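Here is my_file-v5.cif, consisting of mmCIF, C-alpha atoms and all ligand atoms:
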data_query
loop_
_atom_site.label_atom_id
_atom_site.label_comp_id
_atom_site.auth_asym_id
_atom_site.auth_seq_id
_atom_site.Cartn_x
_atom_site.Cartn_y
_atom_site.Cartn_z
CA MET A 30 -10.38 12.28 -2.03
CA PRO A 31 -12.14 11.02 1.11
CA GLU A 32 -11.32 12.80 4.36
CA PRO A 33 -8.66 11.08 6.45
CA VAL A 34 -9.71 9.97 9.89
CA LYS A 35 -7.38 11.27 12.56
CA ALA A 36 -8.90 9.66 15.60
CA VAL A 37 -11.18 6.70 15.31
CA PHE A 38 -13.08 4.44 17.66
CA LEU A 39 -11.61 1.15 16.49
CA SER A 40 -8.31 0.08 14.94
CA VAL A 41 -8.12 -3.44 13.54
CA VAL A 42 -4.57 -4.72 13.20
CA ILE A 43 -3.80 -7.55 10.76
CA PRO A 44 -0.35 -9.04 10.04
CA VAL A 45 -0.05 -10.41 6.53
CA PHE A 46 2.57 -12.86 5.32
CA ASN A 47 1.90 -14.58 2.01
CA GLU A 48 -1.88 -14.50 2.35
CA GLU A 49 -2.71 -13.80 -1.30
CA PRO A 50 -5.46 -16.46 -1.57
CA ASN A 51 -7.10 -15.35 1.69
CA LEU A 52 -7.10 -11.58 1.35
CA PRO A 53 -10.08 -11.17 -1.03
CA THR A 54 -12.32 -13.20 1.30
CA LEU A 55 -10.92 -11.37 4.32
CA PHE A 56 -11.79 -7.99 2.78
CA ALA A 57 -15.22 -9.26 1.77
CA ARG A 58 -16.04 -10.48 5.30
CA LEU A 59 -14.20 -7.96 7.47
CA PHE A 60 -15.30 -4.62 6.06
CA PRO A 61 -19.07 -5.34 6.20
CA VAL A 62 -18.71 -6.35 9.86
CA LEU A 63 -16.88 -3.13 10.65
CA ASP A 64 -19.26 -0.98 8.60
CA GLY A 65 -22.09 -2.63 10.52
CA LEU A 66 -20.73 -1.45 13.86
CA GLY A 67 -21.76 2.10 13.10
CA LYS A 68 -18.53 3.45 14.60
CA THR A 69 -15.48 5.05 13.05
CA TYR A 70 -12.72 2.59 12.34
CA GLU A 71 -9.50 1.90 10.49
CA VAL A 72 -7.83 -1.32 9.42
CA LEU A 73 -4.05 -1.49 9.58
CA PHE A 74 -2.43 -4.21 7.57
CA THR A 75 1.27 -4.95 7.96
CA ASN A 76 2.77 -6.70 4.96
CA ASP A 77 5.46 -8.77 6.66
CA GLY A 78 7.76 -9.25 3.67
CA SER A 79 5.34 -11.38 1.64
CA SER A 80 6.83 -12.91 -1.49
CA ASP A 81 3.48 -13.42 -3.22
CA ARG A 82 1.06 -10.73 -4.44
CA SER A 83 -0.29 -9.89 -0.97
CA PHE A 84 1.06 -6.35 -1.11
CA GLU A 85 -0.56 -5.67 -4.50
CA LEU A 86 -3.89 -6.84 -3.09
CA LEU A 87 -3.43 -4.61 -0.03
CA ARG A 88 -2.58 -1.70 -2.31
CA GLY A 89 -5.79 -2.40 -4.22
CA GLN A 90 -7.81 -2.45 -1.01
CA HIS A 91 -6.17 0.78 0.08
CA ALA A 92 -7.17 2.37 -3.22
CA ALA A 93 -10.74 1.11 -2.82
CA ARG A 94 -11.22 2.14 0.84
CA SER A 95 -8.46 4.66 1.50
CA ASP A 96 -10.55 6.32 4.22
CA VAL A 97 -10.35 3.24 6.44
CA THR A 98 -7.38 1.23 5.14
CA ARG A 99 -3.73 1.73 6.03
CA VAL A 100 -0.92 -0.54 4.89
CA ILE A 101 2.54 -0.78 6.43
CA ASP A 102 5.05 -2.47 4.15
CA PHE A 103 8.07 -4.17 5.75
CA ASN A 104 11.20 -4.68 3.66
CA ALA A 105 11.56 -8.24 4.95
CA ASN A 106 9.90 -10.86 7.12
CA TYR A 107 10.14 -9.96 10.81
CA GLY A 108 7.45 -12.27 12.14
CA GLN A 109 3.85 -11.88 13.16
CA HIS A 110 4.50 -10.15 16.46
CA MET A 111 6.76 -7.48 14.97
CA ALA A 112 4.16 -6.90 12.28
CA VAL A 113 1.56 -6.32 14.98
CA MET A 114 3.98 -4.11 16.91
CA ALA A 115 4.57 -1.84 13.90
CA ALA A 116 0.83 -1.37 13.60
CA PHE A 117 0.48 -0.76 17.35
CA GLU A 118 2.95 2.11 17.02
CA ARG A 119 0.68 3.78 14.48
CA VAL A 120 -2.88 3.05 15.60
CA ARG A 121 -5.33 5.92 15.91
CA GLY A 122 -8.17 4.04 17.58
CA GLU A 123 -9.34 4.09 21.19
CA ILE A 124 -9.80 0.34 20.96
CA VAL A 125 -7.43 -1.97 19.14
CA ILE A 126 -8.30 -5.44 17.87
CA THR A 127 -5.81 -7.94 16.45
CA LEU A 128 -6.86 -10.56 13.93
CA ASP A 129 -5.15 -13.13 11.69
CA ALA A 130 -5.38 -12.71 7.94
CA ASP A 131 -6.09 -16.36 7.19
CA LEU A 132 -9.67 -16.18 8.50
CA GLN A 133 -8.98 -18.66 11.30
CA ASP A 134 -10.26 -15.89 13.56
CA PRO A 135 -13.69 -15.06 12.15
CA PRO A 136 -14.15 -11.26 11.77
CA GLU A 137 -17.79 -11.83 12.72
CA GLU A 138 -16.63 -12.35 16.32
CA ILE A 139 -15.38 -8.75 16.64
CA PRO A 140 -18.63 -7.41 18.16
CA LYS A 141 -18.31 -9.98 20.97
CA LEU A 142 -14.93 -8.55 21.95
CA LEU A 143 -16.25 -5.00 21.78
CA GLU A 144 -19.09 -5.88 24.14
CA LYS A 145 -16.55 -6.86 26.79
CA ILE A 146 -14.60 -3.63 26.26
CA ASP A 147 -17.90 -1.76 26.65
CA ALA A 148 -18.42 -3.62 29.90
CA GLY A 149 -15.28 -1.96 31.24
CA PHE A 150 -12.51 -4.45 30.56
CA ASP A 151 -9.25 -3.15 29.07
CA TYR A 152 -8.01 -6.46 27.69
CA VAL A 153 -10.15 -9.11 26.06
CA GLY A 154 -8.52 -12.37 25.06
CA GLY A 155 -10.19 -14.77 22.69
CA ARG A 156 -10.55 -18.36 23.77
CA ARG A 157 -10.93 -20.70 20.81
CA ILE A 158 -13.79 -23.04 21.56
CA ASN A 159 -13.19 -25.52 18.76
CA ARG A 160 -9.53 -25.19 18.00
CA LYS A 161 -8.81 -26.17 14.40
CA ASP A 162 -5.11 -26.89 14.59
CA ASN A 163 -3.43 -30.25 14.29
CA LEU A 164 -2.75 -32.51 17.25
CA PHE A 165 0.93 -31.57 17.43
CA ARG A 166 0.17 -27.84 17.59
CA SER A 167 -2.53 -28.29 20.19
CA LEU A 168 -0.35 -30.53 22.33
CA ALA A 169 2.72 -28.26 22.11
CA SER A 170 0.49 -25.34 22.95
CA ARG A 171 -0.75 -27.16 26.08
CA ILE A 172 2.79 -27.82 27.28
CA VAL A 173 3.89 -24.22 26.81
CA ASN A 174 0.68 -23.07 28.44
CA PHE A 175 1.58 -25.17 31.46
CA VAL A 176 5.17 -23.89 31.68
CA ARG A 177 3.95 -20.32 31.32
CA SER A 178 1.32 -20.67 34.01
CA GLN A 179 3.89 -22.20 36.40
CA THR A 180 6.66 -19.68 35.81
CA THR A 181 4.91 -16.38 35.19
CA ASN A 182 1.88 -14.67 36.64
CA ILE A 183 0.21 -14.29 33.29
CA GLU A 184 -3.24 -15.87 33.31
CA MET A 185 -4.65 -16.86 29.97
CA THR A 186 -6.50 -19.88 28.78
CA ASP A 187 -5.51 -19.62 25.15
CA GLN A 188 -2.29 -17.72 24.59
CA GLY A 189 -2.09 -18.66 20.93
CA CYS A 190 -5.34 -16.94 20.00
CA MET A 191 -4.61 -13.64 18.27
CA LEU A 192 -8.23 -12.51 18.21
CA ARG A 193 -7.94 -9.98 21.04
CA ALA A 194 -9.11 -6.50 21.93
CA TYR A 195 -7.13 -3.93 23.88
CA ARG A 196 -7.82 -0.48 25.20
CA ARG A 197 -5.46 2.04 23.72
CA ALA A 198 -3.61 2.63 27.01
CA VAL A 199 -2.54 -1.03 27.04
CA VAL A 200 -1.36 -0.85 23.42
CA ASP A 201 0.61 2.34 24.15
CA ALA A 202 2.27 0.62 27.09
CA VAL A 203 3.26 -2.29 24.85
CA VAL A 204 4.80 0.16 22.38
CA ARG A 205 6.64 2.10 25.10
CA SER A 206 8.10 -1.10 26.53
CA GLY A 207 10.29 -1.31 23.41
CA ALA A 208 10.31 -5.11 23.57
CA ILE A 209 12.05 -6.82 20.67
CA ASN A 210 11.49 -10.56 20.81
CA THR A 211 8.11 -10.51 22.31
CA PHE A 212 4.83 -12.25 22.61
CA ILE A 213 2.30 -9.47 22.34
CA PRO A 214 -0.73 -11.03 24.08
CA ALA A 215 1.39 -11.80 27.15
CA LEU A 216 3.16 -8.44 27.19
CA ALA A 217 -0.15 -6.61 26.84
CA TYR A 218 -1.62 -8.76 29.59
CA SER A 219 1.11 -7.60 31.96
CA PHE A 220 0.04 -3.99 31.35
CA SER A 221 -3.70 -4.49 31.64
CA SER A 222 -5.65 -3.72 34.78
CA LYS A 223 -8.91 -5.46 34.05
CA PRO A 224 -8.41 -8.42 31.72
CA THR A 225 -11.07 -10.89 30.68
CA GLU A 226 -11.66 -13.63 28.14
CA VAL A 227 -14.41 -14.49 25.74
CA ASP A 228 -15.17 -17.63 23.71
CA VAL A 229 -14.61 -17.23 19.99
CA ARG A 230 -15.04 -19.51 17.04
CA HIS A 231 -11.98 -20.89 15.32
CA ASP A 232 -12.01 -21.96 11.70
CA GLU A 233 -9.73 -23.93 9.46
CA ARG A 234 -7.21 -21.86 7.57
CA LEU A 235 -9.09 -20.74 4.44
CA ALA A 236 -6.20 -21.41 2.06
CA GLY A 237 -2.49 -22.09 2.19
CA GLU A 238 -0.41 -23.56 4.99
CA SER A 239 0.42 -22.17 8.42
CA ASN A 240 3.38 -19.81 8.18
CA TYR A 241 4.79 -21.19 11.36
CA SER A 242 7.49 -23.77 10.88
CA ILE A 243 8.43 -25.84 13.93
CA TYR A 244 11.55 -23.70 14.31
CA LYS A 245 9.58 -20.42 14.29
CA LEU A 246 7.13 -21.93 16.75
CA ILE A 247 9.87 -22.98 19.14
CA ARG A 248 11.45 -19.53 18.92
CA LEU A 249 8.13 -17.86 19.58
CA ASN A 250 7.53 -19.99 22.63
CA PHE A 251 11.04 -19.29 23.90
CA ASP A 252 10.22 -15.61 23.50
CA LEU A 253 7.13 -16.18 25.58
CA ILE A 254 9.02 -17.88 28.39
CA THR A 255 12.34 -15.99 28.42
CA GLY A 256 10.61 -12.69 27.80
CA PHE A 257 8.66 -12.90 31.00
CA THR A 258 10.70 -14.87 33.46
CA LEU A 259 14.20 -16.00 34.41
CA VAL A 260 12.83 -19.00 36.31
CA PRO A 261 14.10 -21.59 33.77
CA LEU A 262 17.64 -20.29 34.14
CA GLN A 263 17.35 -20.21 37.89
CA LEU A 264 16.02 -23.76 38.00
CA PHE A 265 18.94 -24.83 35.86
CA THR A 266 21.44 -23.22 38.19
CA ILE A 267 19.79 -24.80 41.22
CA LEU A 268 19.81 -28.21 39.54
CA SER A 269 23.52 -27.82 38.71
CA LEU A 270 24.25 -26.86 42.30
CA LEU A 271 22.50 -30.01 43.52
CA CYS A 272 24.52 -32.07 41.02
CA ALA A 273 27.75 -30.47 42.17
CA THR A 274 26.95 -31.13 45.82
CA GLY A 275 26.05 -34.75 45.07
CA SER A 276 29.26 -35.30 43.12
CA LEU A 277 31.35 -33.70 45.82
CA VAL A 278 29.90 -36.15 48.34
CA LEU A 279 30.64 -38.98 45.92
CA VAL A 280 34.22 -37.83 45.38
CA LEU A 281 34.84 -37.60 49.14
CA TYR A 282 33.33 -41.04 49.68
CA LEU A 283 35.44 -42.58 46.88
CA ALA A 284 38.57 -40.88 48.20
CA TYR A 285 37.85 -42.34 51.63
CA ARG A 286 37.43 -45.86 50.18
CA ARG A 287 40.52 -45.46 48.04
CA ILE A 288 42.69 -44.39 50.95
CA PHE A 289 41.36 -46.73 53.62
CA LEU A 290 40.16 -49.78 51.66
CA GLY A 291 42.62 -49.75 48.78
CA VAL A 292 42.39 -49.64 44.97
CA GLU A 293 39.11 -50.90 43.44
CA VAL A 294 38.54 -51.75 39.75
CA GLU A 295 41.71 -49.92 38.93
CA GLY A 296 40.46 -46.50 39.94
CA VAL A 297 37.62 -46.33 37.40
CA PHE A 298 35.01 -45.20 39.94
CA THR A 299 37.26 -42.53 41.41
CA LEU A 300 37.76 -41.23 37.92
CA PHE A 301 34.00 -41.21 37.31
CA GLY A 302 33.43 -39.39 40.57
CA ILE A 303 35.90 -36.67 39.66
CA LEU A 304 34.50 -36.47 36.16
CA PHE A 305 30.93 -36.04 37.41
CA PHE A 306 32.07 -33.40 39.82
CA LEU A 307 33.89 -31.35 37.20
CA LEU A 308 31.02 -31.77 34.79
CA SER A 309 28.53 -30.40 37.25
CA VAL A 310 30.82 -27.53 38.12
CA ALA A 311 30.84 -26.72 34.41
CA MET A 312 27.06 -26.92 34.42
CA VAL A 313 26.86 -24.47 37.29
CA GLY A 314 29.09 -22.20 35.25
CA ILE A 315 26.88 -22.45 32.18
CA GLY A 316 23.84 -21.82 34.33
CA LEU A 317 25.42 -18.73 35.81
CA ILE A 318 26.51 -17.39 32.44
CA GLY A 319 23.01 -18.05 31.16
CA GLU A 320 21.66 -16.07 34.07
CA TYR A 321 23.78 -13.08 33.14
CA VAL A 322 23.06 -13.40 29.44
CA GLY A 323 19.37 -13.49 30.32
CA ARG A 324 19.65 -10.31 32.31
CA THR A 325 21.77 -8.53 29.72
CA TYR A 326 19.31 -9.58 27.09
CA GLN A 327 16.49 -8.02 29.06
CA VAL A 328 18.35 -4.73 29.09
CA ILE A 329 19.52 -4.53 25.48
CA ARG A 330 16.24 -5.43 23.86
CA THR A 331 15.88 -1.92 22.47
CA ARG A 332 17.60 -1.94 19.11
CA GLN A 333 15.75 -1.16 15.90
CA ARG A 334 13.26 -3.89 15.37
CA TYR A 335 12.11 -3.67 11.78
CA PHE A 336 12.36 -1.51 8.69
CA VAL A 337 9.30 0.01 7.07
CA ARG A 338 9.66 0.46 3.32
CA GLU A 339 6.43 2.30 2.70
CA ILE A 340 3.18 3.23 4.38
CA LEU A 341 -0.02 3.58 2.37
CA GLU A 342 -2.28 5.97 4.22
CA ILE A 343 -3.87 9.35 4.03
CA LYS A 344 -1.90 11.54 6.39
N1 LIG A 401 2.23 -13.89 9.88
C1 LIG A 401 3.11 -12.83 9.70
N2 LIG A 401 4.45 -13.07 9.66
C2 LIG A 401 4.97 -14.33 9.79
C3 LIG A 401 4.08 -15.40 10.02
C4 LIG A 401 2.72 -15.15 10.07
O1 LIG A 401 2.67 -11.68 9.58
O2 LIG A 401 6.19 -14.47 9.74
C5 LIG A 401 0.79 -13.64 9.93
C6 LIG A 401 -0.04 -14.48 8.97
O3 LIG A 401 -0.18 -13.86 7.72
C7 LIG A 401 -1.37 -14.57 9.70
C8 LIG A 401 -0.96 -14.59 11.15
O4 LIG A 401 0.35 -14.01 11.20
O5 LIG A 401 -2.17 -13.43 9.48
C9 LIG A 401 -0.95 -15.97 11.74
O6 LIG A 401 -0.10 -16.81 10.97
P1 LIG A 401 -0.45 -18.33 10.67
O7 LIG A 401 -1.87 -18.48 10.26
O8 LIG A 401 0.57 -18.84 9.74
O9 LIG A 401 -0.22 -18.97 12.09
P2 LIG A 401 -1.11 -20.05 12.84
O10 LIG A 401 -2.54 -19.71 12.60
O11 LIG A 401 -0.72 -21.35 12.23
O12 LIG A 401 -0.69 -19.89 14.25
MG MG A 402 -3.52 -19.30 11.03
#

Could you rewrite the structure in this file as structure tokens?
Amino acid sequence: MPEPVKAVFLSVVIPVFNEEPNLPTLFARLFPVLDGLGKTYEVLFTNDGSSDRSFELLRGQHAARSDVTRVIDFNANYGQHMAVMAAFERVRGEIVITLDADLQDPPEEIPKLLEKIDAGFDYVGGRRINRKDNLFRSLASRIVNFVRSQTTNIEMTDQGCMLRAYRRAVVDAVVRSGAINTFIPALAYSFSSKPTEVDVRHDERLAGESNYSIYKLIRLNFDLITGFTLVPLQLFTILSLLCATGSLVLVLYLAYRRIFLGVEVEGVFTLFGILFFLLSVAMVGIGLIGEYVGRTYQVIRTRQRYFVREILEIK
């Protein structure tokens, strides 16, 4: 039985959801890179409720390299960021690197990130130089990037890139924050004191399709925006207030015409005026409720986030 490593230099965190065809290549490319670093390390895989044989492959890898491999097995699919979070709660490394399992983030780029950490940064974000996603993804990503940069003070060029390195203090802060619906790179950014970025290669997905459906993607991006700012809600309320003011002016004007100039088009415009006014009052109401829901949501985000069925590791 190899000796378990209690504290290591590097923890590599990899969420896995139905990556059966990619895992063998991932193991074959990742472990040599890490062995080549000449530092102690561990790799933490989270099996995020895969329905294929991913977990069996992870079990096999754990059997083969139990000194450096740990596997967290979720009972169901909780999403990439929860999978990363579960691993963050259990890392033993001073430095933590996240990586996708589909080999879009080449493991060979890990040393680049470590160089930056060595240079004294506590957060290193990857910036994909030749992004290999389809036009829709890239475009959507640009839009969200824009909204994020306008509404929050999080500065990153490539928020979607999961190839990132963090100092342990940042990871611990992410864990302590207890965030539920969260976007880890942004949350971690808000806790870092010296962030930087580095260019990394981006490859095509080795096999299979992206696990992100449009719905999941929209939800993730909502998490990114609502998790870090209430500005959208506030803008909505302000817009509704402007509408309400405008309609009030219209109603008063129409009332004036009605009283002093007589009935026009059988009262249709007056009716419209009143309708618009009431509608915008309702909108202000919705905006306000949204505001409160947003705030409540920020407070209650601490319920149990996922369920771990099993952990393969040497204690
Ligand atoms: N993933 C996960 N749970 C999910 C969806 C994805 O753990 O519900 C993992 C997936 O196995 C991969 C990473 O998150 O390691 C990125 O997923 P994917 O490649 O599908 O996303 P994309 O590269 O298209 O953003
Ligand atoms: Mg991918």

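Take atom CA of A:Gly122 and atom CA of A:Ala36: the distance between them is 6.0 Å.
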
Task: Shortest interatomic distance to A:Ser219 - which of A:Val203, A:Val42, A:Val72, A:Leu235, counting only C-alpha atoms - done: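 Of A:Val203, A:Val42, A:Val72, A:Leu235, the one nearest A:Ser219 is A:Val203, counting only C-alpha atoms.
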
- [ ] Using all atoms listed in the file, pick whichever of A:Tyr195, A:Phe298, A:Tyr282, A:Tyr70 has the shortest atom-to-atom distance to A:Pro224.
- [x]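 Checking each of A:Tyr195, A:Phe298, A:Tyr282, A:Tyr70 against A:Pro224, counting all atoms listed in the file, the winner is A:Tyr195.
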
Open item on the list: What's the separation between atom CA of A:Asn182 and atom O3 of ligand LIG 401 (chain A), in Å to one decimal place?
Closed with: 29.0 Å

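As for atom CA of A:Phe289 and atom CA of A:Gly302, they are spaced 16.9 Å apart.
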
- [ ] Using all atoms listed in the file, find each residue with an atom at most 12 Å away from ligand MG 402 (chain A) and format the answer as an MDAnalysis selection string.
- [x] chainID A and resid 43:48 51 109 128:135 160:163 166 189:192 231:242

Output of the above residues as a PDB file, in the coordinates of the input, restricted to C-alpha atoms:
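Output file part.pdb is given in full below:
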ATOM      1  CA  ILE A  43      -3.800  -7.550  10.760  1.00  0.00           C
ATOM      2  CA  PRO A  44      -0.350  -9.040  10.040  1.00  0.00           C
ATOM      3  CA  VAL A  45      -0.050 -10.410   6.530  1.00  0.00           C
ATOM      4  CA  PHE A  46       2.570 -12.860   5.320  1.00  0.00           C
ATOM      5  CA  ASN A  47       1.900 -14.580   2.010  1.00  0.00           C
ATOM      6  CA  GLU A  48      -1.880 -14.500   2.350  1.00  0.00           C
ATOM      7  CA  ASN A  51      -7.100 -15.350   1.690  1.00  0.00           C
ATOM      8  CA  GLN A 109       3.850 -11.880  13.160  1.00  0.00           C
ATOM      9  CA  LEU A 128      -6.860 -10.560  13.930  1.00  0.00           C
ATOM     10  CA  ASP A 129      -5.150 -13.130  11.690  1.00  0.00           C
ATOM     11  CA  ALA A 130      -5.380 -12.710   7.940  1.00  0.00           C
ATOM     12  CA  ASP A 131      -6.090 -16.360   7.190  1.00  0.00           C
ATOM     13  CA  LEU A 132      -9.670 -16.180   8.500  1.00  0.00           C
ATOM     14  CA  GLN A 133      -8.980 -18.660  11.300  1.00  0.00           C
ATOM     15  CA  ASP A 134     -10.260 -15.890  13.560  1.00  0.00           C
ATOM     16  CA  PRO A 135     -13.690 -15.060  12.150  1.00  0.00           C
ATOM     17  CA  ARG A 160      -9.530 -25.190  18.000  1.00  0.00           C
ATOM     18  CA  LYS A 161      -8.810 -26.170  14.400  1.00  0.00           C
ATOM     19  CA  ASP A 162      -5.110 -26.890  14.590  1.00  0.00           C
ATOM     20  CA  ASN A 163      -3.430 -30.250  14.290  1.00  0.00           C
ATOM     21  CA  ARG A 166       0.170 -27.840  17.590  1.00  0.00           C
ATOM     22  CA  GLY A 189      -2.090 -18.660  20.930  1.00  0.00           C
ATOM     23  CA  CYS A 190      -5.340 -16.940  20.000  1.00  0.00           C
ATOM     24  CA  MET A 191      -4.610 -13.640  18.270  1.00  0.00           C
ATOM     25  CA  LEU A 192      -8.230 -12.510  18.210  1.00  0.00           C
ATOM     26  CA  HIS A 231     -11.980 -20.890  15.320  1.00  0.00           C
ATOM     27  CA  ASP A 232     -12.010 -21.960  11.700  1.00  0.00           C
ATOM     28  CA  GLU A 233      -9.730 -23.930   9.460  1.00  0.00           C
ATOM     29  CA  ARG A 234      -7.210 -21.860   7.570  1.00  0.00           C
ATOM     30  CA  LEU A 235      -9.090 -20.740   4.440  1.00  0.00           C
ATOM     31  CA  ALA A 236      -6.200 -21.410   2.060  1.00  0.00           C
ATOM     32  CA  GLY A 237      -2.490 -22.090   2.190  1.00  0.00           C
ATOM     33  CA  GLU A 238      -0.410 -23.560   4.990  1.00  0.00           C
ATOM     34  CA  SER A 239       0.420 -22.170   8.420  1.00  0.00           C
ATOM     35  CA  ASN A 240       3.380 -19.810   8.180  1.00  0.00           C
ATOM     36  CA  TYR A 241       4.790 -21.190  11.360  1.00  0.00           C
ATOM     37  CA  SER A 242       7.490 -23.770  10.880  1.00  0.00           C
TER      38      SER A 242
END

- [ ] Choose the residue, out of A:Gly78, A:Glu293, A:Glu226, A:Ile315, that has the smallest atom-to-atom separation from A:Leu268; count all atoms listed in the file.
- [x] A:Ile315

Open item on the list: Every residue with an atom at most 12 Å from (-15.6, -5.2, 3.9) (file coordinates; all atoms listed in the file) is what I'm after, so could you write them as JSON, numbers by chain?
Closed with: {"A": [52, 53, 54, 55, 56, 57, 58, 59, 60, 61, 62, 63, 64, 65, 66, 70, 71, 72, 90, 91, 93, 94, 97, 98, 136, 137]}

Task: Counting all atoms listed in the file, the residue of A:Ala92, A:Val199, A:Leu249, A:Ile124 that sits nearest ligand LIG 401 (chain A) - done: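 Checking each of A:Ala92, A:Val199, A:Leu249, A:Ile124 against ligand LIG 401 (chain A), counting all atoms listed in the file, the winner is A:Leu249.
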